[in-house]
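*Asks:* Structure supplied as final.csv; contents: CSV, C-alpha atoms.
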chain,number,residue,atom,x,y,z
E,154,MET,CA,110.0,93.8,124.8
E,155,SER,CA,106.5,92.7,126.1
E,156,ASP,CA,105.2,93.0,122.5
E,157,ASN,CA,107.7,90.5,121.4
E,158,VAL,CA,106.5,87.9,123.8
E,159,GLU,CA,102.9,88.5,123.0
E,160,ILE,CA,103.4,88.0,119.3
E,161,ARG,CA,105.4,84.8,119.9
E,162,GLU,CA,102.7,83.4,122.2
E,163,SER,CA,99.9,84.1,119.8
E,164,LEU,CA,101.9,82.7,116.9
E,165,ALA,CA,102.6,79.5,118.9
E,166,GLY,CA,98.9,79.3,119.8
E,167,GLY,CA,97.6,80.0,116.3
E,168,VAL,CA,96.8,77.7,113.5
E,169,ASP,CA,99.6,76.5,111.2
E,170,GLU,CA,98.0,78.2,108.3
E,171,ALA,CA,98.0,81.6,110.0
E,172,GLY,CA,101.6,80.9,111.0
E,173,THR,CA,102.7,80.4,107.4
E,174,GLY,CA,100.8,83.6,106.3
E,175,LEU,CA,102.7,85.6,109.0
E,176,GLN,CA,106.0,84.2,108.0
E,177,ASP,CA,105.4,85.3,104.4
E,178,PHE,CA,104.3,88.7,105.7
E,179,VAL,CA,107.6,89.0,107.7
E,180,LEU,CA,109.7,88.1,104.6
E,181,LEU,CA,107.7,90.6,102.5
E,182,LEU,CA,108.3,93.4,105.0
E,183,GLN,CA,112.1,92.6,105.1
E,184,ASP,CA,112.1,93.0,101.3
E,185,LEU,CA,110.2,96.2,101.6
E,186,VAL,CA,112.7,97.6,104.1
E,187,LEU,CA,115.6,96.7,101.8
E,188,GLU,CA,114.0,97.9,98.6
E,189,SER,CA,112.0,101.0,99.5
E,190,SER,CA,113.6,104.3,98.4
E,191,ASP,CA,111.9,106.3,101.2
E,192,VAL,CA,109.7,106.0,104.2
E,193,ARG,CA,106.5,107.1,102.5
E,194,ASN,CA,107.0,104.6,99.8
E,195,PHE,CA,107.7,101.9,102.4
E,196,LEU,CA,104.5,102.8,104.3
E,197,THR,CA,102.4,102.7,101.2
E,198,GLU,CA,103.6,99.2,100.4
E,199,MET,CA,103.1,98.2,104.0
E,200,ALA,CA,99.5,99.5,104.0
E,201,THR,CA,98.7,97.6,100.8
E,202,THR,CA,100.2,94.4,102.2
E,203,ILE,CA,98.3,94.7,105.5
E,204,ALA,CA,95.0,95.4,103.6
E,205,GLY,CA,95.7,92.4,101.4
E,206,GLN,CA,96.4,90.1,104.4
E,207,LEU,CA,93.2,91.1,106.2
E,208,SER,CA,90.8,91.2,103.2
E,209,GLN,CA,88.5,88.3,102.6
E,210,ASP,CA,86.0,87.5,99.9
E,211,GLY,CA,83.2,90.1,100.1
E,212,ASN,CA,85.0,92.1,102.8
E,213,ARG,CA,87.7,94.2,101.2
E,214,ILE,CA,89.7,96.1,103.8
E,215,SER,CA,91.3,99.5,103.2
E,216,CYS,CA,94.3,100.4,105.2
E,217,GLY,CA,95.7,103.9,105.9
E,218,MET,CA,98.7,105.0,108.0
E,219,THR,CA,98.7,108.1,110.1
E,220,VAL,CA,101.9,109.4,111.8
E,221,ILE,CA,102.6,112.4,114.0
E,222,ARG,CA,104.8,114.9,112.3
E,223,HIS,CA,105.6,118.2,113.8
E,224,LYS,CA,103.1,117.5,116.5
E,225,ARG,CA,100.3,117.1,113.9
E,226,PRO,CA,98.7,113.9,112.6
E,227,VAL,CA,99.4,113.4,108.9
E,228,ALA,CA,97.9,110.7,106.7
E,229,VAL,CA,101.1,109.6,105.0
E,230,ALA,CA,100.2,106.4,103.2
E,231,SER,CA,97.3,104.2,102.2
E,232,SER,CA,96.4,101.1,100.3
E,233,ASP,CA,93.8,103.0,98.3
E,234,PRO,CA,92.2,106.5,97.9
E,235,ARG,CA,89.3,105.6,100.1
E,236,ALA,CA,91.5,105.0,103.2
E,237,GLN,CA,93.5,108.1,102.3
E,238,SER,CA,90.4,110.4,102.2
E,239,LEU,CA,89.0,108.9,105.4
E,240,ASP,CA,92.3,109.5,107.2
E,241,GLU,CA,92.5,113.0,106.0
E,242,LEU,CA,88.9,113.7,107.0
E,243,GLN,CA,89.6,112.5,110.5
E,244,ASN,CA,92.7,114.6,110.8
E,245,SER,CA,90.8,117.6,109.7
E,246,PHE,CA,88.2,117.0,112.5
E,247,GLY,CA,91.0,116.5,114.9
E,248,ASP,CA,89.3,113.6,116.6
E,249,GLY,CA,88.1,110.0,115.8
E,250,PRO,CA,88.9,106.4,116.4
E,251,CYS,CA,92.4,106.4,114.8
E,252,LEU,CA,93.5,109.6,116.6
E,253,THR,CA,92.1,108.2,119.9
E,254,ALA,CA,94.1,105.0,119.3
E,255,LEU,CA,97.2,107.0,118.5
E,256,ARG,CA,96.9,109.1,121.7
E,257,SER,CA,95.9,106.3,124.1
E,258,GLY,CA,98.2,103.7,122.6
E,259,THR,CA,95.5,101.1,122.6
E,260,PRO,CA,93.4,99.7,119.7
E,261,VAL,CA,90.0,101.3,119.1
E,262,TYR,CA,87.2,99.3,117.3
E,263,VAL,CA,84.0,100.9,115.9
E,264,PRO,CA,81.9,97.8,115.0
E,265,ASP,CA,79.1,99.8,113.4
E,266,THR,CA,79.5,103.4,112.1
E,267,ASN,CA,75.7,103.8,112.0
E,268,SER,CA,75.1,103.1,115.7
E,269,ASP,CA,78.3,104.2,117.4
E,270,LYS,CA,77.8,107.5,119.3
E,271,ARG,CA,81.5,108.3,120.0
E,272,TRP,CA,82.5,110.6,117.1
E,273,PRO,CA,79.1,111.5,115.5
E,274,LYS,CA,80.4,113.9,112.8
E,275,TYR,CA,83.2,111.7,111.6
E,276,LEU,CA,81.3,108.5,111.7
E,277,ARG,CA,78.4,110.0,109.8
E,278,ALA,CA,80.9,111.0,107.1
E,279,ALA,CA,82.5,107.5,107.2
E,280,GLY,CA,79.0,105.9,106.9
E,281,ALA,CA,78.3,108.1,103.9
E,282,ALA,CA,81.5,106.8,102.3
E,283,ARG,CA,80.0,103.3,102.8
E,284,ILE,CA,82.3,102.3,105.6
E,285,GLY,CA,80.6,99.9,108.1
E,286,SER,CA,83.3,99.4,110.6
E,287,ILE,CA,86.6,100.8,111.6
E,288,LEU,CA,89.6,99.3,113.5
E,289,ALA,CA,92.5,101.5,114.5
E,290,VAL,CA,95.7,99.8,115.9
E,291,PRO,CA,98.5,101.9,117.2
E,292,MET,CA,102.1,100.8,116.5
E,293,HIS,CA,104.5,100.7,119.4
E,294,LEU,CA,107.7,102.2,118.0
E,295,GLN,CA,111.1,102.5,119.6
E,296,ASN,CA,111.8,105.5,117.5
E,297,GLN,CA,110.5,108.9,118.7
E,298,ALA,CA,107.7,108.5,116.2
E,299,GLN,CA,104.1,107.6,116.6
E,300,ALA,CA,102.0,105.8,114.0
E,301,VAL,CA,98.6,104.1,113.7
E,302,VAL,CA,97.2,101.5,111.3
E,303,ASN,CA,93.7,102.5,110.3
E,304,LEU,CA,91.5,99.7,108.9
E,305,TYR,CA,88.2,100.3,107.2
E,306,SER,CA,85.7,97.6,106.3
E,307,PRO,CA,82.6,98.2,104.0
E,308,ALA,CA,80.6,95.9,106.3
E,309,ALA,CA,79.3,96.6,109.8
E,310,HIS,CA,81.0,94.2,112.2
E,311,GLY,CA,83.6,93.7,109.5
E,312,PHE,CA,86.3,92.5,112.0
E,313,SER,CA,85.8,89.4,114.0
E,314,GLN,CA,87.7,88.8,117.3
E,315,GLN,CA,90.1,86.7,115.2
E,316,GLY,CA,90.4,89.5,112.7
E,317,ILE,CA,91.2,92.0,115.4
E,318,ASP,CA,93.8,89.7,116.9
E,319,GLU,CA,95.4,89.3,113.5
E,320,ALA,CA,95.4,93.0,112.8
E,321,GLU,CA,97.2,93.6,116.1
E,322,ASN,CA,99.7,90.9,115.2
E,323,LEU,CA,100.4,92.4,111.9
E,324,ALA,CA,100.7,95.9,113.4
E,325,GLY,CA,103.2,94.6,116.0
E,326,ILE,CA,105.4,93.0,113.3
E,327,SER,CA,105.1,96.0,111.0
E,328,ALA,CA,106.2,98.3,113.8
E,329,LYS,CA,109.6,96.5,113.9
E,330,ALA,CA,110.0,96.9,110.1
E,331,LEU,CA,109.0,100.5,110.4
E,332,ASP,CA,111.5,101.1,113.1
E,333,LEU,CA,114.2,99.7,110.9
E,334,ALA,CA,113.1,101.8,107.9
E,335,LEU,CA,113.0,104.9,110.0
E,336,ASN,CA,116.5,104.3,111.3
E,337,ILE,CA,117.8,103.8,107.8
E,338,ALA,CA,116.1,106.9,106.6
E,339,HIS,CA,117.4,108.9,109.6
E,340,LEU,CA,121.0,107.7,108.9
E,341,ARG,CA,120.7,108.5,105.2
E,342,ASP,CA,119.5,112.0,106.0
E,343,ALA,CA,122.3,112.6,108.5
E,344,ARG,CA,124.8,111.3,105.9
E,345,ASP,CA,123.5,113.6,103.2
E,346,ASP,CA,123.5,116.6,105.7
E,347,LEU,CA,127.1,115.9,106.6
E,348,THR,CA,128.2,115.6,103.0
E,349,ALA,CA,126.5,119.0,102.3
E,350,ALA,CA,128.2,120.5,105.4
E,351,LEU,CA,131.6,119.2,104.4
E,352,LYS,CA,131.3,120.7,100.9
E,353,SER,CA,130.0,124.0,102.3
E,354,ARG,CA,132.7,124.3,104.9
E,355,THR,CA,135.4,123.9,102.4
E,356,VAL,CA,134.1,126.8,100.4
E,357,ILE,CA,133.7,128.9,103.5
E,358,ASP,CA,137.1,128.1,105.0
E,359,THR,CA,138.8,128.9,101.6
E,360,ALA,CA,137.0,132.3,101.5
E,361,ILE,CA,138.0,133.0,105.1
E,362,GLY,CA,141.6,132.4,104.2
E,363,ALA,CA,141.3,134.8,101.3
E,364,ILE,CA,139.7,137.5,103.5
E,365,MET,CA,142.5,137.0,106.1
E,366,ALA,CA,145.2,137.5,103.5
E,367,GLN,CA,143.6,140.5,101.8
E,368,ASN,CA,142.7,142.3,105.1
E,369,ARG,CA,145.6,141.0,107.2
E,370,CYS,CA,143.2,140.1,109.9
E,371,SER,CA,142.5,137.2,112.3
E,372,ARG,CA,140.2,134.3,111.4
E,373,ASP,CA,137.5,135.6,113.7
E,374,ALA,CA,137.6,139.1,112.1
E,375,ALA,CA,137.4,137.5,108.7
E,376,PHE,CA,134.4,135.5,109.8
E,377,GLN,CA,132.7,138.7,111.1
E,378,ILE,CA,133.2,140.3,107.7
E,379,LEU,CA,131.7,137.3,106.0
E,380,VAL,CA,128.7,137.1,108.4
E,381,LYS,CA,128.0,140.9,108.2
E,382,THR,CA,128.1,140.8,104.4
E,383,SER,CA,125.8,137.9,104.3
E,384,SER,CA,123.2,139.4,106.6
E,385,HIS,CA,123.4,142.9,105.1
E,386,ARG,CA,122.9,141.7,101.6
E,387,ASN,CA,120.5,138.9,102.7
E,388,ILE,CA,122.6,136.3,100.8
E,389,LYS,CA,123.5,133.0,102.2
E,390,LEU,CA,126.9,132.8,103.9
E,391,ARG,CA,128.0,130.0,101.5
E,392,GLU,CA,127.0,132.0,98.4
E,393,VAL,CA,128.9,135.1,99.6
E,394,ALA,CA,131.9,132.8,100.2
E,395,SER,CA,131.8,131.3,96.8
E,396,ALA,CA,131.4,134.8,95.2
E,397,ILE,CA,134.6,135.9,97.0
E,398,ILE,CA,136.5,132.9,95.8
E,399,SER,CA,135.4,133.2,92.2
E,400,SER,CA,136.2,137.0,92.3
E,401,ILE,CA,139.8,136.1,93.2
E,402,ALA,CA,140.4,132.9,91.3
E,403,GLY,CA,137.7,132.9,88.7
E,404,GLU,CA,137.1,129.4,89.9
E,405,GLU,CA,133.5,128.4,89.9
E,406,ASP,CA,133.4,125.1,91.5
E,407,ILE,CA,135.3,124.0,94.6
E,408,SER,CA,134.5,120.6,95.9
E,409,THR,CA,135.7,118.3,98.5
E,410,THR,CA,136.2,114.8,97.4
E,411,TYR,CA,134.3,112.6,99.7
E,412,GLU,CA,134.3,108.8,99.5
E,413,GLU,CA,130.9,107.4,100.3
R,119,MET,CA,93.0,147.9,129.0
R,120,GLU,CA,95.2,151.0,129.2
R,121,ASP,CA,98.9,150.3,128.6
R,122,ASP,CA,100.8,152.1,131.4
R,123,GLY,CA,104.1,150.9,130.0
R,124,ILE,CA,105.1,149.1,133.1
R,125,LEU,CA,105.2,145.8,131.4
R,126,GLY,CA,107.2,147.4,128.6
R,127,ILE,CA,109.7,148.7,131.1
R,128,GLN,CA,110.1,145.6,133.1
R,129,ARG,CA,110.2,143.1,130.3
R,130,PRO,CA,113.5,143.3,128.5
R,131,GLY,CA,113.3,143.7,124.7
R,132,ASP,CA,113.2,140.6,122.7
R,133,ASP,CA,116.6,141.3,121.3
R,134,ALA,CA,118.2,142.0,124.7
R,135,ASP,CA,119.4,138.5,125.1
R,136,PRO,CA,120.5,137.0,121.8
R,137,ARG,CA,120.1,133.5,123.3
R,138,ASN,CA,116.5,134.2,123.8
R,139,SER,CA,115.6,135.0,120.3
R,140,ALA,CA,117.7,132.1,119.0
R,141,ALA,CA,116.1,129.7,121.4
R,142,THR,CA,112.6,130.9,120.5
R,143,ARG,CA,113.2,130.7,116.8
R,144,TYR,CA,114.7,127.2,117.2
R,145,ARG,CA,111.7,126.0,119.1
R,146,ASP,CA,109.1,127.6,116.9
R,147,GLY,CA,110.8,126.5,113.7
R,148,ASN,CA,110.6,122.8,114.5
R,149,ILE,CA,114.3,122.6,113.8
R,150,ASN,CA,116.0,119.4,114.7
R,151,LEU,CA,119.2,119.8,116.8
R,152,THR,CA,121.5,117.5,114.8
R,153,GLY,CA,120.3,119.0,111.5
R,154,LEU,CA,121.0,122.5,112.9
R,155,TRP,CA,124.4,121.5,114.2
R,156,THR,CA,125.4,120.0,110.9
R,157,TYR,CA,124.4,123.1,109.0
R,158,TYR,CA,126.1,125.4,111.5
R,159,CYS,CA,129.3,123.2,111.3
R,160,GLY,CA,129.0,123.5,107.5
R,161,ILE,CA,129.1,127.3,107.6
R,162,GLY,CA,132.2,127.2,109.8
R,163,GLY,CA,130.9,126.8,113.3
R,164,ASN,CA,133.2,125.2,115.9
R,165,ALA,CA,131.1,124.5,118.9
R,166,ASP,CA,130.0,120.9,119.4
R,167,GLU,CA,126.4,119.7,119.5
R,168,LEU,CA,126.2,119.6,123.3
R,169,ALA,CA,127.4,123.2,123.6
R,170,LEU,CA,124.9,124.2,120.9
R,171,ASP,CA,122.1,122.4,122.8
R,172,ALA,CA,123.1,124.1,126.0
R,173,TYR,CA,123.2,127.5,124.2
R,174,LEU,CA,119.8,127.0,122.7
R,175,HIS,CA,118.4,126.2,126.2
R,176,GLU,CA,119.9,129.4,127.5
R,177,MET,CA,122.3,127.5,129.8
R,178,MET,CA,125.6,128.5,128.3
R,179,GLU,CA,127.3,131.4,126.7
R,180,LEU,CA,129.3,131.0,123.5
R,181,PRO,CA,131.9,133.2,121.9
R,182,PRO,CA,130.2,136.0,119.9
R,183,LEU,CA,131.3,134.6,116.5
R,184,GLN,CA,129.8,131.2,117.3
R,185,MET,CA,126.5,132.9,118.4
R,186,ASP,CA,126.4,134.8,115.1
R,187,LEU,CA,127.0,131.7,113.1
R,188,ILE,CA,124.2,129.9,115.0
R,189,HIS,CA,121.8,132.7,114.2
R,190,THR,CA,122.9,132.7,110.6
R,191,ALA,CA,122.3,128.9,110.5
R,192,ILE,CA,118.8,129.2,112.0
R,193,GLU,CA,117.9,132.0,109.6
R,194,GLU,CA,119.1,130.2,106.6
R,195,ILE,CA,117.4,126.9,107.6
R,196,THR,CA,114.2,128.7,108.3
R,197,ALA,CA,114.3,130.6,105.0
R,198,GLU,CA,114.8,127.3,103.2
R,199,GLY,CA,111.6,126.0,104.8
R,200,LEU,CA,113.2,122.7,105.9
Just dump the structure as structure tokens.
*Replies:*
Amino acid sequence: MSDNVEIRESLAGGVDEAGTGLQDFVLLLQDLVLESSDVRNFLTEMATTIAGQLSQDGNRISCGMTVIRHKRPVAVASSDPRAQSLDELQNSFGDGPCLTALRSGTPVYVPDTNSDKRWPKYLRAAGAARIGSILAVPMHLQNQAQAVVNLYSPAAHGFSQQGIDEAENLAGISAKALDLALNIAHLRDARDDLTAALKSRTVIDTAIGAIMAQNRCSRDAAFQILVKTSSHRNIKLREVASAIISSIAGEEDISTTYEE
Amino acid sequence: MEDDGILGIQRPGDDADPRNSAATRYRDGNINLTGLWTYYCGIGGNADELALDAYLHEMMELPPLQMDLIHTAIEEITAEGL
């Protein structure tokens, strides 16, 4: 909630021109949420958009996104290959400005990769890749996910105070869009899982009925037979069930009609 | 260090409590609860998600058939590498 207020305050305090730019950015993100087929695709478009917003003549910014997946940082999307390889490099070291920003929840700025002493190995590699300055802005998400926006400039001191403020603004707005995209993806996955479960359960229940009739046994006993067969032969329960059905009826495909 | 077998005697075998191994595999496999419940329901399971959660945290017993189905679900999901 406090993020919200901050963004509005800085919007109100900002110049009109910046305000219009931000409005376009918000509209663009809404389109992305609606159009993107999956979260990775969405993040790639978002990284490209953020990089475009922050780049100026002679200072082309690269943008990468790192998220925590299975307790490990993964570079999931980027505006270009340069950001991608720098993100991956940092994740392989296990430490660096972006990961620090991710863990602490506060932005980290490396004004000059040549003189900064904080992450010597990584910053030397970044310098060799002709990166002068790095800005990492964490996203505050409501989802149980963590993400950080990694910004790379070819110039040392490539981000002015105004640039840093703008990057934080963009990250704040992007976080809401990402929350939405994640929610949609989550619901879509849950829907797909349920559809699969419904289909699978129909097959299994039918097979259970068949076993009950053949063996004159209870439902539980029929299930035990199915489970034992599956684990002894190392075949999936559902496949055993459908083999039983087709052995009786010769029917290959049983499906549940499910209106989506 | 010499193994005097005391540890082996005092510690119950991993398979002694079926809840134990299910819980361990569930945690190690990075399996998401709702996903597991959906899969388990799809192979005929009847316990609800809350009961499954409690079972996996070793706080509740379930009928033997339901435990078998949960194990089957965990095994099949792990084998699929989801």
*Asks:* Would you please work out which residue, of R:Cys159, R:Leu174, R:Leu154, R:Ile149, is nearest to chain E when using all atoms listed in the file?
*Replies:*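 Among the listed residues, R:Cys159 lies closest to chain E.
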*Asks:* Show me, as a Markdown table, the residues of chain E having an atom within 10 Å of chain R, each with the closest atom pair and its distance in Å, using only C-alpha atoms.
*Replies:*
| residue | atom | partner | partner_atom | distance |
| --- | --- | --- | --- | --- |
| E:His223 | CA | R:Asn148 | CA | 6.8 |
| E:Lys224 | CA | R:Asn148 | CA | 9.4 |
| E:Asp342 | CA | R:Gly153 | CA | 8.9 |
| E:Ala343 | CA | R:Gly153 | CA | 7.3 |
| E:Asp346 | CA | R:Thr156 | CA | 6.5 |
| E:Leu347 | CA | R:Thr156 | CA | 6.2 |
| E:Thr348 | CA | R:Gly160 | CA | 9.1 |
| E:Ala349 | CA | R:Gly160 | CA | 7.3 |
| E:Ala350 | CA | R:Gly160 | CA | 3.7 |
| E:Leu351 | CA | R:Gly160 | CA | 5.9 |
| E:Lys352 | CA | R:Gly160 | CA | 7.5 |
| E:Ser353 | CA | R:Gly160 | CA | 5.3 |
| E:Arg354 | CA | R:Gly160 | CA | 4.6 |
| E:Thr355 | CA | R:Gly160 | CA | 8.2 |
| E:Val356 | CA | R:Ile161 | CA | 8.8 |
| E:Ile357 | CA | R:Ile161 | CA | 6.4 |
| E:Asp358 | CA | R:Gly162 | CA | 6.9 |
| E:Ile361 | CA | R:Gly162 | CA | 9.5 |
| E:Asp373 | CA | R:Leu183 | CA | 6.9 |
| E:Ala374 | CA | R:Leu183 | CA | 8.9 |
| E:Phe376 | CA | R:Leu183 | CA | 7.4 |
| E:Gln377 | CA | R:Leu183 | CA | 6.9 |
| E:Val380 | CA | R:Leu187 | CA | 7.4 |
| E:Lys381 | CA | R:Asp186 | CA | 9.3 |
| E:Ser383 | CA | R:Thr190 | CA | 8.7 |
| E:Ser384 | CA | R:Thr190 | CA | 7.8 |
| E:Asn387 | CA | R:Glu194 | CA | 9.6 |
| E:Ile388 | CA | R:Glu194 | CA | 9.1 |
| E:Lys389 | CA | R:Glu194 | CA | 6.8 |
| E:Leu390 | CA | R:Ile161 | CA | 7.0 |
| E:Arg391 | CA | R:Ile161 | CA | 6.8 |
| E:Ala394 | CA | R:Ile161 | CA | 9.6 |
*Asks:* Might you pull out every residue within 10 Å of Gly258 (chain E), with only C-alpha atoms counted and same-chain residues fewer than 4 positions away left off, and present them as a list in words?
*Replies:* Leu252, Thr253, Ala254, Val290, Pro291, Met292, His293, Gln299, Ala300 and Val301 of chain E
*Asks:* Compile the contact shell of Leu288 (chain E) as a PyMOL selection string: residues with an atom at most 6 Å away, counting all atoms listed in the file, same-chain residues fewer than 6 positions apart removed.
*Replies:* chain E and resi 261-262+304
*Asks:* Rounded to one decimal, what separation in Å do you get between CA of Ala141 (chain R) and CA of Glu198 (chain R)?
*Replies:*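 Separating CA of Ala141 (chain R) from CA of Glu198 (chain R) is a distance of 18.4 Å.
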*Asks:* To one decimal place in Å, what is the distance between CA of Thr202 (chain E) and CA of Gly247 (chain E)?
*Replies:*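 Answer for the CA of Thr202 (chain E) to CA of Gly247 (chain E) separation: 27.1 Å.
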*Asks:* When you draw a straight line from CA of Thr382 (chain E) to CA of Ala169 (chain R), how long is it in Å?
*Replies:*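 It comes out at 26.1 Å.
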*Asks:* Point out the residue among E:Thr197, E:Val302, E:Gln315, E:Ser257 with the least atom-to-atom distance to Leu185 (chain E), counting all atoms listed in the file.
*Replies:* E:Thr197
*Asks:* When distances are computed from only C-alpha atoms, which of R:Leu168, R:Met178, R:Ile192, R:Leu151 shows the smallest separation from Ser139 (chain R)?
*Replies:*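 Nearest candidate to Ser139 (chain R) out of R:Leu168, R:Met178, R:Ile192, R:Leu151: R:Ile192.
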*Asks:* Which polymer residues, whether protein, DNA or RNA, lie within 10 Å of the coordinate (140.3, 133.6, 102.2) when you count all atoms listed in the file? List them as a PDB file with C-alpha atoms, keeping the file's coordinate frame, using the chain letters and numbers from the file.
*Replies:*
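Output file point.pdb is given in full below:
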ATOM      1  CA  VAL E 356     134.100 126.800 100.400  1.00  0.00           C
ATOM      2  CA  ILE E 357     133.700 128.900 103.500  1.00  0.00           C
ATOM      3  CA  ASP E 358     137.100 128.100 105.000  1.00  0.00           C
ATOM      4  CA  THR E 359     138.800 128.900 101.600  1.00  0.00           C
ATOM      5  CA  ALA E 360     137.000 132.300 101.500  1.00  0.00           C
ATOM      6  CA  ILE E 361     138.000 133.000 105.100  1.00  0.00           C
ATOM      7  CA  GLY E 362     141.600 132.400 104.200  1.00  0.00           C
ATOM      8  CA  ALA E 363     141.300 134.800 101.300  1.00  0.00           C
ATOM      9  CA  ILE E 364     139.700 137.500 103.500  1.00  0.00           C
ATOM     10  CA  MET E 365     142.500 137.000 106.100  1.00  0.00           C
ATOM     11  CA  ALA E 366     145.200 137.500 103.500  1.00  0.00           C
ATOM     12  CA  GLN E 367     143.600 140.500 101.800  1.00  0.00           C
ATOM     13  CA  ASN E 368     142.700 142.300 105.100  1.00  0.00           C
ATOM     14  CA  ARG E 372     140.200 134.300 111.400  1.00  0.00           C
ATOM     15  CA  ALA E 375     137.400 137.500 108.700  1.00  0.00           C
ATOM     16  CA  PHE E 376     134.400 135.500 109.800  1.00  0.00           C
ATOM     17  CA  ALA E 394     131.900 132.800 100.200  1.00  0.00           C
ATOM     18  CA  ILE E 397     134.600 135.900  97.000  1.00  0.00           C
ATOM     19  CA  ILE E 398     136.500 132.900  95.800  1.00  0.00           C
ATOM     20  CA  ILE E 401     139.800 136.100  93.200  1.00  0.00           C
TER      21      ILE E 401
END
*Asks:* Using all atoms listed in the file, can you tell me which of E:Asp248, E:Glu392, E:Asp184, E:Glu319 comes closest to Met199 (chain E)?
*Replies:*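 Closest residue, counting all atoms listed in the file: E:Asp184.
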*Asks:* Which residue, E:Ser245, E:Gln237, E:Ser286, E:Asn303, has the smallest gap to Lys274 (chain E) when you use only C-alpha atoms?
*Replies:* E:Ser245
*Asks:* With all atoms listed in the file as the counted atoms, please give the residues lying no more than 10 Å from Gln297 (chain E), apart from itself and same-chain residues fewer than 4 positions off, as a PyMOL selection string.
*Replies:* chain E and resi 221+332+335
*Asks:* Using only C-alpha atoms, which residue out of E:Ile284, E:Leu276, E:Leu207, E:Ile337 lies closest to Gln243 (chain E)?
*Replies:*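 Result for the nearest residue to Gln243 (chain E): E:Leu276.
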*Asks:* Model the absent atoms of region 288-299 of chain E so that N, CA, C and O atoms are present, and write the result as a CSV table (one decimal), keeping the file's coordinate frame.
*Replies:*
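Wrote selection.csv, looks like this:
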chain,number,residue,atom,x,y,z
E,288,LEU,N,88.7,99.8,112.4
E,288,LEU,CA,89.6,99.3,113.5
E,288,LEU,C,90.9,100.1,113.4
E,288,LEU,O,91.5,100.2,112.3
E,289,ALA,N,91.3,100.7,114.5
E,289,ALA,CA,92.5,101.5,114.5
E,289,ALA,C,93.5,100.8,115.5
E,289,ALA,O,93.2,100.6,116.7
E,290,VAL,N,94.7,100.4,115.0
E,290,VAL,CA,95.7,99.8,115.9
E,290,VAL,C,96.9,100.6,115.9
E,290,VAL,O,97.6,100.8,114.9
E,291,PRO,N,97.3,101.1,117.1
E,291,PRO,CA,98.5,101.9,117.2
E,291,PRO,C,99.8,101.0,117.1
E,291,PRO,O,99.7,99.8,117.4
E,292,MET,N,100.8,101.6,116.5
E,292,MET,CA,102.1,100.8,116.5
E,292,MET,C,103.0,101.3,117.6
E,292,MET,O,103.1,102.5,117.9
E,293,HIS,N,103.6,100.3,118.3
E,293,HIS,CA,104.5,100.7,119.4
E,293,HIS,C,105.9,100.8,118.8
E,293,HIS,O,106.5,99.7,118.6
E,294,LEU,N,106.4,102.0,118.6
E,294,LEU,CA,107.7,102.2,118.0
E,294,LEU,C,108.7,102.5,119.0
E,294,LEU,O,108.4,103.1,120.0
E,295,GLN,N,110.0,102.1,118.7
E,295,GLN,CA,111.1,102.5,119.6
E,295,GLN,C,111.6,103.9,119.2
E,295,GLN,O,112.2,104.6,120.0
E,296,ASN,N,111.4,104.2,117.9
E,296,ASN,CA,111.8,105.5,117.5
E,296,ASN,C,110.9,106.6,118.2
E,296,ASN,O,109.9,106.3,118.7
E,297,GLN,N,111.4,107.8,118.1
E,297,GLN,CA,110.5,108.9,118.7
E,297,GLN,C,109.5,109.3,117.6
E,297,GLN,O,109.3,110.4,117.3
E,298,ALA,N,108.7,108.3,117.2
E,298,ALA,CA,107.7,108.5,116.2
E,298,ALA,C,106.4,107.8,116.7
E,298,ALA,O,106.5,106.9,117.5
E,299,GLN,N,105.3,108.3,116.2
E,299,GLN,CA,104.1,107.6,116.6
E,299,GLN,C,103.3,107.3,115.3
E,299,GLN,O,103.3,108.1,114.4
